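Heads up: the structure comes next, in structure tokens.
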Amino acid sequence: MDLNDSTGKATSTAAAVRKRDVLPYILLFILLAGLLSVLAGALLPPYYHAVPALLWSLGFCVSGMLLGFLFGIPRTLPSGTVNMAPPDERSNGKGRPTDEPPAAGADAATGNASNTLFLGTPTPMEINSNLVEVSDWLTKIIVGVGLIELKSLPGSARSMAAFIAPSLNTDTPTAMAVVGGIMLFFSVHGFLIGYLLTRIYLSIMIKRADSMVKNESVRLESGKEIEVTELSRLQQKSLDDMQEAVTQLLLAHPPDGGAAVTALAGMPTAQKPASQVLWLDDHPRNNTLLVEQLERENIKVDQAVSTRQALAMLQQKPYALLITDMARVENRRRIKDAGVRTVREVRQAQPALPIIVYCSKDTVASYGTEAEAAGARFITTSGTSLLASVNKLLHEERGDGAQSSTQ
């Protein structure tokens with residue numbers, strides 16, 4: 001299902017990444033400008049040697065980058081550390097209410113695992129933070145020594161400039177001035193390059209690597225694993241769908257077959273009849289929780305990502321129901337009414353197969369009527385309504401099958 005809010009978030013994230021990627025080019029442009037200035041001083045008066053000046057410039061720049069790298073390495077939390085609420089919120093009673101159920105781990109410890117989400121097994125590896133510790137030590141030493149020797153720093157810089165000046169092969173006052181400018185500009189700019197690039201990009205790479213090592217995922221009852229952030233996003237959407245469905249139930253009468261669906265909902269999973277459903281969506285991860293809920297109802301879900309794959313799977317297995325999205329990428333081309341085309345093709349191959357279209361509100365407004373005219377039995381934007389309609393249509397199919405067998 002191609003969700004509008006997901007698309008908006010992805011667009012804003014991409015824009016932020018593009019803005020952030022401008023920074024390396026700005027730093028590179030300033031560095032090239034400094035190197036061109038050094039080269040111009042060799043080609044124009046005062047005519048010093050270009051090669052030694054460029055080598056010393058790059059040397060000071062690399063030294064500054066190394067220092068900026070040490071200062072910019074992000075610190076990581078120790079293993080097992082969690083972020084807690086501020087003390088004032090805990091003292092004011094804004095933590096977990098007393099009537100709130102215990103955490104999933106405590107619930108599992110008591111043996112009640114019917115609706116428990118099991119966390120992935122802890123990883124046996126510890127993240128190596130030696131580089132962070134070394135950086136912390138060195139930065140403290142450098143700052144401490146720098147503060148102690150602050151008075152002698154100008155003299156040390158003057159001595160270094162006097163050591164470098166003869167290599168430029170020009171008069172001493174001019175060489176001292178040029179070397180002083182090289183030391184100041186390239187050291188400061190190199191520090192900014194090392195610090196900013198380390199702080200912005202290395203922190204992202206370290207966080208990504210840490211999340212891979214720490215196994216920050218949730219294991220569902222079916223054995224599937226899903227990232228915590230993705231799980232939170234899908235759960236929030238499910239809550240929104242439930243609120244919308246409850247509002248509609250309060251304003252309208254339940255549909256036909258509601259009593260039968262309610263009876264099935266109260267039946268143990270082992271006693272529910274097994275069914276097979278095919279779900280066509282080019283973003284199957286968006287439907288992870290819904291697929292999990294269907295499989296808890298003894299409804300086996302096979303997933304396809306293209307119309308061609310779905311048609312081939314329909315020829316191989318007798319499915320009781322087809323769920324399809326609307327906008328989809330087919331053959332590397334985005335087709336906004338792909339769901340309508342899928343309904344038409346499936347109707348030609350299997351006219352009796354019930355089809356549900358599950359898509360966003362915008363695509364329903366644009367192509368809902370066409371999908372209904374093509375033969376879709378149900379069109380919805382709500383996951384809660386989707387689950388109810390699947391149970392209702394499967395119950396109708398079982399009833400029709402029972403009647404045909406008795407006749």
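Just remember, in the structure tokens the first chain shown is A, the second B, etc., residues are 1-based per chain, and ligands are 1-based in the order shown.
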
Practice item. Excluding Ser382 of chain A and any residue of its chain fewer than 2 positions from it, enumerate the residues within 9 Å of it, using only C-alpha atoms, and give them as number ranges by chain. Key: A: 237-238, 240-242, 244-245, 358-360, 380, 384-387

Restrict the selected residues to all heavy atoms and save them as a tab-separated table (two decimals), in the first residue's frame.
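The resulting file, selection-v4.tsv, is shown below:
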```
chain	number	residue	atom	x	y	z
A	237	LYS	N	-0.55	3.53	12.67
A	237	LYS	CA	-1.55	3.52	11.61
A	237	LYS	C	-2.72	2.61	11.96
A	237	LYS	O	-3.88	2.93	11.68
A	237	LYS	CB	-0.92	3.06	10.30
A	237	LYS	CG	-1.89	3.12	9.13
A	237	LYS	CD	-1.23	2.70	7.86
A	237	LYS	CE	-2.23	2.87	6.71
A	237	LYS	NZ	-3.44	2.05	6.91
A	238	SER	N	-2.43	1.48	12.62
A	238	SER	CA	-3.51	0.58	13.03
A	238	SER	C	-4.42	1.25	14.05
A	238	SER	O	-5.65	1.10	13.99
A	238	SER	CB	-2.92	-0.71	13.62
A	238	SER	OG	-2.16	-1.40	12.66
A	240	ASP	N	-4.99	4.48	14.31
A	240	ASP	CA	-5.80	5.46	13.57
A	240	ASP	C	-6.94	4.78	12.84
A	240	ASP	O	-8.08	5.28	12.82
A	240	ASP	CB	-4.92	6.24	12.59
A	240	ASP	CG	-3.86	7.08	13.29
A	240	ASP	OD1	-4.06	7.38	14.49
A	240	ASP	OD2	-2.86	7.42	12.66
A	241	ASP	N	-6.66	3.62	12.22
A	241	ASP	CA	-7.70	2.89	11.51
A	241	ASP	C	-8.80	2.42	12.46
A	241	ASP	O	-9.99	2.48	12.15
A	241	ASP	CB	-7.10	1.68	10.79
A	241	ASP	CG	-6.23	2.10	9.61
A	241	ASP	OD1	-6.38	3.25	9.17
A	241	ASP	OD2	-5.41	1.29	9.16
A	242	MET	N	-8.41	1.94	13.65
A	242	MET	CA	-9.39	1.46	14.61
A	242	MET	C	-10.30	2.59	15.09
A	242	MET	O	-11.51	2.43	15.24
A	242	MET	CB	-8.68	0.81	15.79
A	242	MET	CG	-8.01	-0.52	15.47
A	242	MET	SD	-7.15	-1.23	16.87
A	242	MET	CE	-8.54	-1.52	17.97
A	244	GLU	N	-11.07	5.28	13.43
A	244	GLU	CA	-11.98	5.63	12.33
A	244	GLU	C	-13.07	4.58	12.18
A	244	GLU	O	-14.25	4.91	11.97
A	244	GLU	CB	-11.18	5.75	11.03
A	244	GLU	CG	-12.03	6.15	9.83
A	244	GLU	CD	-11.19	6.28	8.57
A	244	GLU	OE1	-9.95	6.16	8.67
A	244	GLU	OE2	-11.78	6.50	7.51
A	245	ALA	N	-12.72	3.30	12.32
A	245	ALA	CA	-13.72	2.24	12.19
A	245	ALA	C	-14.74	2.29	13.31
A	245	ALA	O	-15.94	2.08	13.09
A	245	ALA	CB	-13.01	0.88	12.18
A	358	TYR	N	-7.16	-2.42	-1.22
A	358	TYR	CA	-6.71	-1.73	0.00
A	358	TYR	C	-5.69	-0.69	-0.40
A	358	TYR	O	-4.57	-1.02	-0.82
A	358	TYR	CB	-6.12	-2.75	0.96
A	358	TYR	CG	-5.56	-2.16	2.24
A	358	TYR	CD1	-6.30	-1.28	3.01
A	358	TYR	CD2	-4.28	-2.50	2.68
A	358	TYR	CE1	-5.80	-0.75	4.18
A	358	TYR	CE2	-3.77	-1.98	3.85
A	358	TYR	CZ	-4.52	-1.11	4.60
A	358	TYR	OH	-4.01	-0.57	5.76
A	359	CYS	N	-6.06	0.59	-0.30
A	359	CYS	CA	-5.19	1.65	-0.81
A	359	CYS	C	-5.40	2.92	0.00
A	359	CYS	O	-6.15	2.94	0.98
A	359	CYS	CB	-5.47	1.88	-2.30
A	359	CYS	SG	-7.20	2.27	-2.64
A	360	SER	N	-4.75	3.99	-0.43
A	360	SER	CA	-4.84	5.26	0.28
A	360	SER	C	-6.11	6.01	-0.12
A	360	SER	O	-6.79	5.66	-1.09
A	360	SER	CB	-3.61	6.12	-0.04
A	360	SER	OG	-3.56	6.43	-1.42
A	380	THR	N	-11.28	-0.25	0.52
A	380	THR	CA	-11.14	0.37	1.83
A	380	THR	C	-9.76	1.00	1.97
A	380	THR	O	-8.81	0.61	1.28
A	380	THR	CB	-11.33	-0.66	2.95
A	380	THR	OG1	-11.22	0.00	4.22
A	380	THR	CG2	-10.31	-1.77	2.87
A	384	THR	N	-8.48	-1.97	9.75
A	384	THR	CA	-9.51	-2.62	10.55
A	384	THR	C	-10.68	-3.07	9.68
A	384	THR	O	-11.18	-4.20	9.81
A	384	THR	CB	-10.00	-1.66	11.65
A	384	THR	OG1	-8.88	-1.20	12.40
A	384	THR	CG2	-10.99	-2.35	12.56
A	385	SER	N	-11.13	-2.20	8.78
A	385	SER	CA	-12.20	-2.58	7.86
A	385	SER	C	-11.76	-3.69	6.92
A	385	SER	O	-12.54	-4.56	6.54
A	385	SER	CB	-12.64	-1.36	7.05
A	385	SER	OG	-13.11	-0.34	7.90
A	386	LEU	N	-10.48	-3.68	6.55
A	386	LEU	CA	-9.96	-4.74	5.69
A	386	LEU	C	-10.06	-6.10	6.38
A	386	LEU	O	-10.52	-7.08	5.78
A	386	LEU	CB	-8.51	-4.44	5.32
A	386	LEU	CG	-7.77	-5.53	4.56
A	386	LEU	CD1	-8.36	-5.71	3.17
A	386	LEU	CD2	-6.28	-5.22	4.48
A	387	LEU	N	-9.65	-6.17	7.64
A	387	LEU	CA	-9.72	-7.44	8.37
A	387	LEU	C	-11.15	-7.92	8.49
A	387	LEU	O	-11.44	-9.12	8.33
A	387	LEU	CB	-9.08	-7.28	9.75
A	387	LEU	CG	-7.58	-6.94	9.78
A	387	LEU	CD1	-7.12	-6.70	11.21
A	387	LEU	CD2	-6.77	-8.04	9.14
```

Exercise for review: Just the residues within 12 Å of Leu196 of chain A, please, counting only C-alpha atoms, with nothing from its chain fewer than 5 positions along; format it as a list in words.
Suggested key: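 Close residues of Leu196 of chain A: Arg20, Asp21, Leu23, Pro24, Ile26, Leu27, Gly64, Met65, Leu66, Leu67, Gly68, Phe69, Leu70, Phe71, Gly72, Ile73, Pro74, His189, Gly190, Phe191, Tyr201, Leu202 and Ser203 of chain A.
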
Review point. Atom CA of Val329 of chain A to atom CA of Asp281 of chain A: how many Å, to one decimal?
Key: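 Result for atom CA of Val329 of chain A versus atom CA of Asp281 of chain A: 9.3 Å, one decimal.
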
Practice item. Find the spatial neighbours of Ile164 of chain A, counting only C-alpha atoms, within a cut-off of 9 Å - ignore same-chain residues fewer than 2 positions away - and output them as number ranges by chain. Key: A: 52, 56, 159-162, 166-168, 175-176, 179

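The shortest atom-to-atom distance to Leu39 of chain A, with only C-alpha atoms taken into account, belongs to A:Ile182 out of A:Glu397, A:Tyr25, A:Ile182, A:Ala371.
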
Practice item. Please provide as a PyMOL selection string all residues within 7 Å of segment 340-344 of chain A, with the sequence filter that same-chain residues fewer than 5 positions apart are discarded (counting only C-alpha atoms). Key: chain A and resi 307+326+370-371+374-376

Keeping only all heavy atoms, write the selected residues to a file as a CSV table (one decimal), in the first residue's frame.
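Result written to result-v9.csv:
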```csv
chain,number,residue,atom,x,y,z
A,307,THR,N,1.7,-7.7,-10.8
A,307,THR,CA,0.6,-8.4,-11.3
A,307,THR,C,0.9,-9.7,-12.0
A,307,THR,O,0.2,-10.7,-11.9
A,307,THR,CB,-0.1,-7.5,-12.3
A,307,THR,OG1,-0.4,-6.2,-11.7
A,307,THR,CG2,-1.4,-8.1,-12.9
A,326,MET,N,-3.5,-0.2,-5.0
A,326,MET,CA,-3.9,0.6,-6.2
A,326,MET,C,-2.7,1.0,-7.0
A,326,MET,O,-2.3,0.5,-8.1
A,326,MET,CB,-4.8,1.7,-5.9
A,326,MET,CG,-5.3,2.5,-7.1
A,326,MET,SD,-6.4,1.5,-8.2
A,326,MET,CE,-7.8,1.3,-7.2
A,370,GLU,N,-13.8,3.1,-10.6
A,370,GLU,CA,-13.3,2.2,-11.7
A,370,GLU,C,-13.1,0.8,-11.2
A,370,GLU,O,-13.4,-0.2,-11.8
A,370,GLU,CB,-12.1,2.8,-12.4
A,370,GLU,CG,-12.3,4.1,-13.1
A,370,GLU,CD,-11.0,4.5,-13.8
A,370,GLU,OE1,-10.2,3.7,-14.2
A,370,GLU,OE2,-10.7,5.7,-13.8
A,371,ALA,N,-12.5,0.8,-10.0
A,371,ALA,CA,-12.2,-0.6,-9.4
A,371,ALA,C,-13.5,-1.3,-9.1
A,371,ALA,O,-13.6,-2.5,-9.3
A,371,ALA,CB,-11.3,-0.4,-8.1
A,374,ALA,N,-14.9,-2.5,-12.2
A,374,ALA,CA,-14.2,-3.7,-12.8
A,374,ALA,C,-14.5,-5.0,-12.1
A,374,ALA,O,-14.2,-6.0,-12.6
A,374,ALA,CB,-12.7,-3.3,-12.7
A,375,GLY,N,-15.0,-4.9,-10.9
A,375,GLY,CA,-15.4,-6.1,-10.2
A,375,GLY,C,-14.9,-6.3,-8.8
A,375,GLY,O,-15.0,-7.4,-8.2
A,376,ALA,N,-14.3,-5.3,-8.2
A,376,ALA,CA,-13.8,-5.4,-6.8
A,376,ALA,C,-15.0,-5.5,-5.9
A,376,ALA,O,-16.0,-4.7,-6.0
A,376,ALA,CB,-13.0,-4.1,-6.5
```

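You can rank A:Glu149, A:Asp282, A:Glu396, A:Asp362 by their closest distance to Asn331 of chain A using only C-alpha atoms, and at the top of that list sits A:Asp282.
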
Check your understanding: Residues at most 10 Å from Leu36 of chain A, counting only C-alpha atoms, excluding those fewer than 6 positions away in the same chain, as a list in words?
Key ->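 Final neighbour list, sorted by chain and number: Ile30, Ala42 and Leu54 of chain A.
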
Check your understanding: Where does DSSP see strand (DSSP E or B) in segment 159-395 of chain A, if you list the residues as a ChimeraX atom specification?
Key -> /A:217-219,225-227,275-280,299-304,321-324,328-330,333-335,355-358,378-380
